[in-house]
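Engineer: For reference, the file my_file.txt (compact mmCIF, N, CA and C atoms) is included below:
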# COMPACT_ATOMS: atom_id res chain seq x y z
N ARG V 1 30.90 100.29 75.34
CA ARG V 1 31.39 101.65 75.35
C ARG V 1 32.70 101.70 74.58
N LEU V 2 32.88 102.76 73.81
CA LEU V 2 34.13 102.98 73.09
C LEU V 2 35.20 103.48 74.05
N ALA V 3 36.42 102.99 73.89
CA ALA V 3 37.52 103.44 74.74
C ALA V 3 38.00 104.82 74.33
N GLY V 4 37.91 105.14 73.04
CA GLY V 4 38.37 106.43 72.56
C GLY V 4 38.17 106.56 71.06
N LEU V 5 38.17 107.78 70.59
CA LEU V 5 38.06 108.08 69.17
C LEU V 5 39.29 108.86 68.74
N VAL V 6 39.80 108.53 67.55
CA VAL V 6 40.96 109.22 66.99
C VAL V 6 40.60 109.68 65.58
N SER V 7 40.89 110.94 65.27
CA SER V 7 40.70 111.46 63.93
C SER V 7 41.97 112.21 63.54
N LEU V 8 42.56 111.79 62.43
CA LEU V 8 43.76 112.44 61.91
C LEU V 8 43.43 113.07 60.56
N SER V 9 43.67 114.36 60.43
CA SER V 9 43.41 115.09 59.19
C SER V 9 41.98 114.88 58.71
N GLY V 10 41.04 114.94 59.64
CA GLY V 10 39.64 114.67 59.30
C GLY V 10 38.71 115.82 59.63
N TRP V 11 37.44 115.50 59.57
CA TRP V 11 36.41 116.49 59.88
C TRP V 11 35.22 115.76 60.49
N LEU V 12 34.30 116.51 61.02
CA LEU V 12 33.13 115.97 61.70
C LEU V 12 31.93 116.04 60.75
N THR V 13 31.57 114.89 60.20
CA THR V 13 30.46 114.83 59.24
C THR V 13 29.12 114.94 59.96
N PRO V 14 28.05 115.25 59.23
CA PRO V 14 26.72 115.28 59.87
C PRO V 14 26.37 113.95 60.54
N ARG V 15 26.73 112.84 59.92
CA ARG V 15 26.45 111.53 60.51
C ARG V 15 27.22 111.34 61.83
N ALA V 16 28.47 111.80 61.84
CA ALA V 16 29.27 111.70 63.06
C ALA V 16 28.68 112.58 64.16
N ARG V 17 28.18 113.75 63.80
CA ARG V 17 27.55 114.63 64.79
C ARG V 17 26.35 113.94 65.43
N LYS V 18 25.59 113.21 64.64
CA LYS V 18 24.44 112.49 65.18
C LYS V 18 24.89 111.39 66.14
N ALA V 19 26.02 110.75 65.83
CA ALA V 19 26.54 109.68 66.69
C ALA V 19 26.97 110.20 68.05
N LEU V 20 27.20 111.51 68.17
CA LEU V 20 27.58 112.09 69.45
C LEU V 20 26.55 111.78 70.54
N GLU V 21 25.31 111.65 70.14
CA GLU V 21 24.25 111.37 71.11
C GLU V 21 24.48 110.04 71.82
N PHE V 22 25.20 109.11 71.20
CA PHE V 22 25.43 107.80 71.78
C PHE V 22 26.80 107.65 72.44
N HIS V 23 27.71 108.53 72.13
CA HIS V 23 29.09 108.38 72.61
C HIS V 23 29.62 109.67 73.24
N ARG V 24 28.82 110.33 74.02
CA ARG V 24 29.22 111.64 74.55
C ARG V 24 30.27 111.57 75.66
N ALA V 25 30.52 110.42 76.20
CA ALA V 25 31.52 110.31 77.25
C ALA V 25 32.82 109.68 76.74
N THR V 26 32.98 109.59 75.45
CA THR V 26 34.16 108.96 74.85
C THR V 26 35.28 109.97 74.66
N PRO V 27 36.48 109.69 75.20
CA PRO V 27 37.62 110.58 74.97
C PRO V 27 37.97 110.65 73.49
N VAL V 28 38.38 111.83 73.04
CA VAL V 28 38.66 112.07 71.63
C VAL V 28 40.04 112.68 71.46
N LEU V 29 40.75 112.22 70.42
CA LEU V 29 42.03 112.79 70.05
C LEU V 29 41.95 113.21 68.58
N LEU V 30 42.29 114.47 68.32
CA LEU V 30 42.30 115.01 66.97
C LEU V 30 43.72 115.45 66.64
N GLY V 31 44.19 115.11 65.45
CA GLY V 31 45.50 115.55 64.99
C GLY V 31 45.38 116.06 63.56
N HIS V 32 46.10 117.14 63.26
CA HIS V 32 45.98 117.71 61.92
C HIS V 32 47.22 118.54 61.60
N GLY V 33 47.63 118.52 60.35
CA GLY V 33 48.75 119.33 59.89
C GLY V 33 48.28 120.72 59.50
N THR V 34 49.09 121.71 59.79
CA THR V 34 48.72 123.10 59.47
C THR V 34 48.85 123.41 57.98
N ALA V 35 49.53 122.55 57.22
CA ALA V 35 49.71 122.79 55.78
C ALA V 35 48.95 121.76 54.94
N ASP V 36 47.91 121.18 55.49
CA ASP V 36 47.13 120.16 54.79
C ASP V 36 46.36 120.81 53.64
N PRO V 37 46.67 120.46 52.37
CA PRO V 37 45.98 121.07 51.24
C PRO V 37 44.65 120.39 50.90
N MET V 38 44.38 119.23 51.50
CA MET V 38 43.16 118.48 51.17
C MET V 38 42.03 118.74 52.16
N VAL V 39 42.35 118.77 53.45
CA VAL V 39 41.36 119.04 54.50
C VAL V 39 42.00 120.09 55.41
N HIS V 40 41.49 121.31 55.35
CA HIS V 40 42.09 122.39 56.13
C HIS V 40 42.00 122.09 57.62
N HIS V 41 43.02 122.49 58.37
CA HIS V 41 43.05 122.20 59.81
C HIS V 41 41.88 122.86 60.55
N GLU V 42 41.24 123.86 59.95
CA GLU V 42 40.07 124.46 60.60
C GLU V 42 38.93 123.44 60.73
N CYS V 43 38.92 122.40 59.89
CA CYS V 43 37.91 121.35 60.02
C CYS V 43 38.07 120.61 61.35
N SER V 44 39.31 120.32 61.74
CA SER V 44 39.55 119.68 63.04
C SER V 44 39.27 120.64 64.18
N GLU V 45 39.60 121.91 63.99
CA GLU V 45 39.31 122.91 65.03
C GLU V 45 37.80 123.02 65.25
N PHE V 46 37.01 122.98 64.16
CA PHE V 46 35.56 122.99 64.27
C PHE V 46 35.08 121.73 64.99
N ALA V 47 35.66 120.57 64.66
CA ALA V 47 35.28 119.33 65.33
C ALA V 47 35.56 119.41 66.83
N GLN V 48 36.71 119.96 67.19
CA GLN V 48 37.05 120.10 68.61
C GLN V 48 36.02 120.98 69.31
N LYS V 49 35.70 122.12 68.72
CA LYS V 49 34.73 123.04 69.31
C LYS V 49 33.35 122.38 69.45
N THR V 50 32.93 121.68 68.40
CA THR V 50 31.62 121.02 68.42
C THR V 50 31.57 119.92 69.48
N LEU V 51 32.64 119.13 69.56
CA LEU V 51 32.68 118.06 70.56
C LEU V 51 32.66 118.63 71.97
N MET V 52 33.44 119.68 72.21
CA MET V 52 33.47 120.30 73.54
C MET V 52 32.08 120.82 73.92
N GLU V 53 31.40 121.46 72.98
CA GLU V 53 30.06 121.98 73.25
C GLU V 53 29.07 120.85 73.49
N ALA V 54 29.12 119.80 72.69
CA ALA V 54 28.19 118.68 72.85
C ALA V 54 28.40 117.98 74.18
N TYR V 55 29.66 117.77 74.56
CA TYR V 55 29.94 117.10 75.82
C TYR V 55 29.51 117.95 77.00
N ASN V 56 29.72 119.26 76.92
CA ASN V 56 29.35 120.14 78.03
C ASN V 56 27.85 120.16 78.28
N LYS V 57 27.04 119.94 77.26
CA LYS V 57 25.59 119.96 77.42
C LYS V 57 25.08 118.73 78.16
N VAL V 58 25.86 117.66 78.19
CA VAL V 58 25.39 116.40 78.73
C VAL V 58 25.97 116.07 80.09
N THR V 59 27.19 116.44 80.34
CA THR V 59 27.86 116.03 81.57
C THR V 59 28.34 117.24 82.37
N GLU V 60 28.46 117.03 83.65
CA GLU V 60 29.02 118.09 84.49
C GLU V 60 30.51 118.22 84.29
N ARG V 61 31.19 117.09 84.15
CA ARG V 61 32.62 117.14 83.88
C ARG V 61 32.82 117.01 82.38
N GLN V 62 33.81 117.66 81.88
CA GLN V 62 34.07 117.67 80.45
C GLN V 62 34.98 116.51 80.08
N PRO V 63 34.51 115.57 79.26
CA PRO V 63 35.40 114.49 78.84
C PRO V 63 36.59 115.04 78.06
N LEU V 64 37.60 114.24 78.01
CA LEU V 64 38.84 114.65 77.37
C LEU V 64 38.68 114.79 75.87
N VAL V 65 38.89 115.97 75.36
CA VAL V 65 38.94 116.22 73.92
C VAL V 65 40.27 116.92 73.68
N ARG V 66 41.20 116.20 73.06
CA ARG V 66 42.53 116.75 72.80
C ARG V 66 42.71 117.01 71.31
N MET V 67 43.42 118.08 71.01
CA MET V 67 43.74 118.36 69.63
C MET V 67 45.18 118.84 69.53
N GLU V 68 45.89 118.29 68.57
CA GLU V 68 47.27 118.71 68.31
C GLU V 68 47.38 119.12 66.85
N LEU V 69 47.93 120.30 66.61
CA LEU V 69 48.24 120.75 65.26
C LEU V 69 49.73 120.53 65.03
N PHE V 70 50.08 120.05 63.85
CA PHE V 70 51.47 119.78 63.51
C PHE V 70 51.92 120.77 62.45
N LYS V 71 52.78 121.67 62.88
CA LYS V 71 53.25 122.78 62.04
C LYS V 71 53.90 122.27 60.75
N GLY V 72 53.40 122.76 59.62
CA GLY V 72 53.98 122.45 58.33
C GLY V 72 53.62 121.08 57.76
N MET V 73 52.89 120.27 58.50
CA MET V 73 52.55 118.93 58.02
C MET V 73 51.39 119.00 57.03
N GLN V 74 51.51 118.25 55.94
CA GLN V 74 50.45 118.21 54.94
C GLN V 74 49.47 117.09 55.27
N HIS V 75 48.78 116.55 54.27
CA HIS V 75 47.77 115.50 54.47
C HIS V 75 48.47 114.14 54.55
N THR V 76 49.17 113.94 55.65
CA THR V 76 49.98 112.74 55.88
C THR V 76 50.10 112.56 57.38
N SER V 77 51.05 111.77 57.83
CA SER V 77 51.31 111.65 59.26
C SER V 77 52.81 111.72 59.48
N ARG V 78 53.18 111.92 60.72
CA ARG V 78 54.59 111.99 61.13
C ARG V 78 54.79 111.07 62.32
N PRO V 79 56.02 110.71 62.58
CA PRO V 79 56.29 109.89 63.76
C PRO V 79 55.72 110.50 65.05
N ALA V 80 55.85 111.80 65.23
CA ALA V 80 55.34 112.44 66.45
C ALA V 80 53.82 112.27 66.56
N GLU V 81 53.12 112.35 65.44
CA GLU V 81 51.67 112.18 65.46
C GLU V 81 51.31 110.72 65.77
N LEU V 82 52.03 109.79 65.18
CA LEU V 82 51.75 108.37 65.44
C LEU V 82 52.05 108.00 66.88
N LEU V 83 53.12 108.55 67.45
CA LEU V 83 53.40 108.31 68.87
C LEU V 83 52.31 108.91 69.75
N MET V 84 51.79 110.08 69.36
CA MET V 84 50.69 110.71 70.10
C MET V 84 49.49 109.76 70.12
N VAL V 85 49.18 109.16 68.97
CA VAL V 85 48.06 108.22 68.88
C VAL V 85 48.32 106.99 69.75
N ALA V 86 49.52 106.42 69.65
CA ALA V 86 49.86 105.24 70.45
C ALA V 86 49.73 105.52 71.94
N ASN V 87 50.22 106.68 72.38
CA ASN V 87 50.14 107.03 73.80
C ASN V 87 48.69 107.25 74.23
N PHE V 88 47.89 107.92 73.40
CA PHE V 88 46.48 108.14 73.71
C PHE V 88 45.75 106.80 73.84
N LEU V 89 45.95 105.92 72.87
CA LEU V 89 45.28 104.61 72.92
C LEU V 89 45.74 103.81 74.13
N GLY V 90 47.04 103.86 74.42
CA GLY V 90 47.55 103.18 75.60
C GLY V 90 46.90 103.67 76.88
N GLU V 91 46.73 104.98 76.99
CA GLU V 91 46.07 105.56 78.16
C GLU V 91 44.62 105.10 78.25
N GLN V 92 43.90 105.15 77.12
CA GLN V 92 42.47 104.82 77.13
C GLN V 92 42.23 103.34 77.39
N LEU V 93 43.13 102.49 76.93
CA LEU V 93 42.97 101.04 77.11
C LEU V 93 43.63 100.53 78.39
N GLY V 94 44.26 101.42 79.14
CA GLY V 94 44.90 101.02 80.38
C GLY V 94 46.14 100.18 80.16
N LEU V 95 46.82 100.38 79.03
CA LEU V 95 48.00 99.59 78.72
C LEU V 95 49.28 100.17 79.29
N SER V 96 49.21 101.36 79.82
CA SER V 96 50.43 101.97 80.33
C SER V 96 50.13 102.65 81.65
N GLY V 97 51.12 102.65 82.53
CA GLY V 97 50.96 103.29 83.83
C GLY V 97 50.04 102.47 84.72
N GLY V 98 50.00 102.83 85.97
CA GLY V 98 49.12 102.16 86.93
C GLY V 98 48.22 103.18 87.59
N GLU V 99 47.41 102.73 88.51
CA GLU V 99 46.50 103.61 89.22
C GLU V 99 47.27 104.74 89.90
N GLY V 100 46.96 105.97 89.56
CA GLY V 100 47.62 107.12 90.15
C GLY V 100 49.00 107.42 89.61
N GLU V 101 49.45 106.68 88.61
CA GLU V 101 50.78 106.89 88.03
C GLU V 101 50.66 107.60 86.68
N GLU V 102 51.74 108.26 86.31
CA GLU V 102 51.82 108.84 84.97
C GLU V 102 51.85 107.70 83.95
N PRO V 103 51.13 107.84 82.85
CA PRO V 103 51.17 106.79 81.83
C PRO V 103 52.56 106.65 81.24
N THR V 104 52.94 105.42 80.94
CA THR V 104 54.20 105.15 80.28
C THR V 104 54.10 105.62 78.84
N LYS V 105 55.10 106.31 78.36
CA LYS V 105 55.11 106.76 76.98
C LYS V 105 55.71 105.66 76.11
N PHE V 106 55.01 105.35 75.03
CA PHE V 106 55.51 104.35 74.09
C PHE V 106 56.70 104.92 73.33
N LYS V 107 57.62 104.02 72.97
CA LYS V 107 58.80 104.43 72.19
C LYS V 107 58.92 103.49 70.99
N VAL V 108 59.17 104.08 69.85
CA VAL V 108 59.42 103.31 68.62
C VAL V 108 60.77 103.79 68.10
N PRO V 109 61.83 103.00 68.34
CA PRO V 109 63.18 103.43 67.98
C PRO V 109 63.33 103.89 66.54
N GLU V 110 62.68 103.20 65.60
CA GLU V 110 62.80 103.58 64.19
C GLU V 110 62.26 104.98 63.95
N TRP V 111 61.19 105.36 64.63
CA TRP V 111 60.62 106.69 64.46
C TRP V 111 61.51 107.74 65.10
N GLU V 112 62.06 107.40 66.28
CA GLU V 112 62.90 108.36 66.98
C GLU V 112 64.22 108.60 66.24
N ALA V 113 64.71 107.58 65.53
CA ALA V 113 65.99 107.70 64.83
C ALA V 113 65.89 108.53 63.56
N GLY V 114 64.69 108.63 63.01
CA GLY V 114 64.50 109.37 61.76
C GLY V 114 64.91 108.52 60.57
N GLY V 115 65.20 109.16 59.46
CA GLY V 115 65.60 108.43 58.27
C GLY V 115 64.41 107.91 57.49
N LYS V 116 64.68 106.97 56.58
CA LYS V 116 63.65 106.46 55.68
C LYS V 116 62.47 105.85 56.40
N SER V 117 62.69 105.17 57.51
CA SER V 117 61.58 104.51 58.21
C SER V 117 60.73 105.48 59.02
N ALA V 118 61.16 106.73 59.11
CA ALA V 118 60.42 107.69 59.91
C ALA V 118 59.19 108.25 59.21
N ALA V 119 59.08 108.06 57.91
CA ALA V 119 57.91 108.50 57.13
C ALA V 119 57.69 110.00 57.22
N ASP V 120 58.78 110.77 57.20
CA ASP V 120 58.66 112.23 57.22
C ASP V 120 58.51 112.72 55.79
N SER V 121 57.30 112.63 55.27
CA SER V 121 57.08 112.94 53.85
C SER V 121 56.96 114.43 53.58
N ASP V 122 56.93 115.25 54.60
CA ASP V 122 56.78 116.69 54.37
C ASP V 122 58.12 117.41 54.33
N GLY V 123 59.20 116.76 54.70
CA GLY V 123 60.53 117.27 54.48
C GLY V 123 61.08 118.25 55.48
N ASP V 124 60.27 118.85 56.38
CA ASP V 124 60.86 119.83 57.27
C ASP V 124 61.39 119.21 58.55
N GLY V 125 61.01 117.97 58.84
CA GLY V 125 61.54 117.25 60.01
C GLY V 125 61.10 117.83 61.34
N ASP V 126 60.14 118.73 61.37
CA ASP V 126 59.67 119.34 62.61
C ASP V 126 58.60 118.46 63.24
N ASP V 127 58.99 117.61 64.17
CA ASP V 127 58.05 116.69 64.79
C ASP V 127 57.76 117.08 66.24
N ASP V 128 57.81 118.36 66.54
CA ASP V 128 57.63 118.77 67.93
C ASP V 128 56.17 119.01 68.30
N GLY V 129 55.20 118.75 67.42
CA GLY V 129 53.80 118.87 67.74
C GLY V 129 53.26 120.27 67.74
N GLU V 130 54.01 121.23 67.25
CA GLU V 130 53.52 122.62 67.22
C GLU V 130 52.54 122.82 66.11
If you took the structure in this file and wrote it as structure tokens, what would it be?

Structural biologist:
Amino acid sequence: RLAGLVSLSGWLTPRARKALEFHRATPVLLGHGTADPMVHHECSEFAQKTLMEAYNKVTERQPLVRMELFKGMQHTSRPAELLMVANFLGEQLGLSGGEGEEPTKFKVPEWEAGGKSAADSDGDGDDDGE
């Protein structure tokens, strides 16, 4: 069984839709920039809708499908998006928190400090996940 699926600035291909039949209980995290000129964020919104519908047809409880849009971000990543991925993977792999506890949030000092190592290639510095 897959622990989780992550898609950043992506879309749901026909082949991926077919794979849903085998992985319908897998938690999914989608991240996308609202200013992506290569793959419009509506592609991720469509993927989220499709995944939610596919999961609802198979299970009584809805598996976790999360999506975060990053305001002003182009076809790249930001520290906030990478931390979101690290925290999601940590939760899915049981690397943070304990039974009944809030998951521990990962911290990467270089990303939090900003500057050259922060990889903020879009220039607006808005890493609040909006």

Engineer: Would you please work out which residue, of V:Leu64, V:Ala86, V:Leu30, V:Ala54, is nearest to V:Lys105 when using all atoms listed in the file?

Structural biologist: V:Ala86

Engineer: Can you measure atom N of V:Glu45 to atom N of V:Thr26 for me? One decimal in Å is fine.

Structural biologist: 18.1 Å

Engineer: Hey, can you check how far atom CA of V:Arg15 sits from atom CA of V:Val39?

Structural biologist: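 That distance, rounded to one decimal, is 17.7 Å.
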
Engineer: So which one's closest to V:Asn87, V:Phe106, V:Leu69, V:Gln74, V:Met52? Using all atoms listed in the file, please.

Structural biologist: V:Phe106

Engineer: From the list V:Leu12, V:Leu95, V:Ala19, V:Lys71, which residue is nearest V:Ser44 when using all atoms listed in the file?

Structural biologist: V:Leu12

Engineer: Closest to V:Gln48 among V:Gly10, V:Leu82, V:Phe70, V:Phe22, using only C-alpha atoms?

Structural biologist: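 Selected residue with least distance to V:Gln48: V:Gly10.
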
Engineer: One decimal, Å: what's the distance from atom N of V:Pro79 over to atom CA of V:Cys43, could you say?

Structural biologist: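 Going from atom N of V:Pro79 over to atom CA of V:Cys43 covers 21.2 Å.
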
Engineer: Counting all atoms listed in the file, what is within 7 Å of V:Ser7, bar same-chain residues fewer than 5 positions away, as a ChimeraX atom specification?

Structural biologist: /V:28-32

Engineer: Find, counting only C-alpha atoms, the residue in V:Pro14, V:Gly72, V:Pro109, V:Gly4 that gets nearest to V:Pro37.

Structural biologist: V:Gly72

Engineer: Pick the closest to V:Thr76 from V:Ala3, V:Ala35, V:Ala25, V:Leu20: which is it, counting all atoms listed in the file?

Structural biologist: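 The shortest atom-to-atom distance to V:Thr76 comes from V:Ala35.
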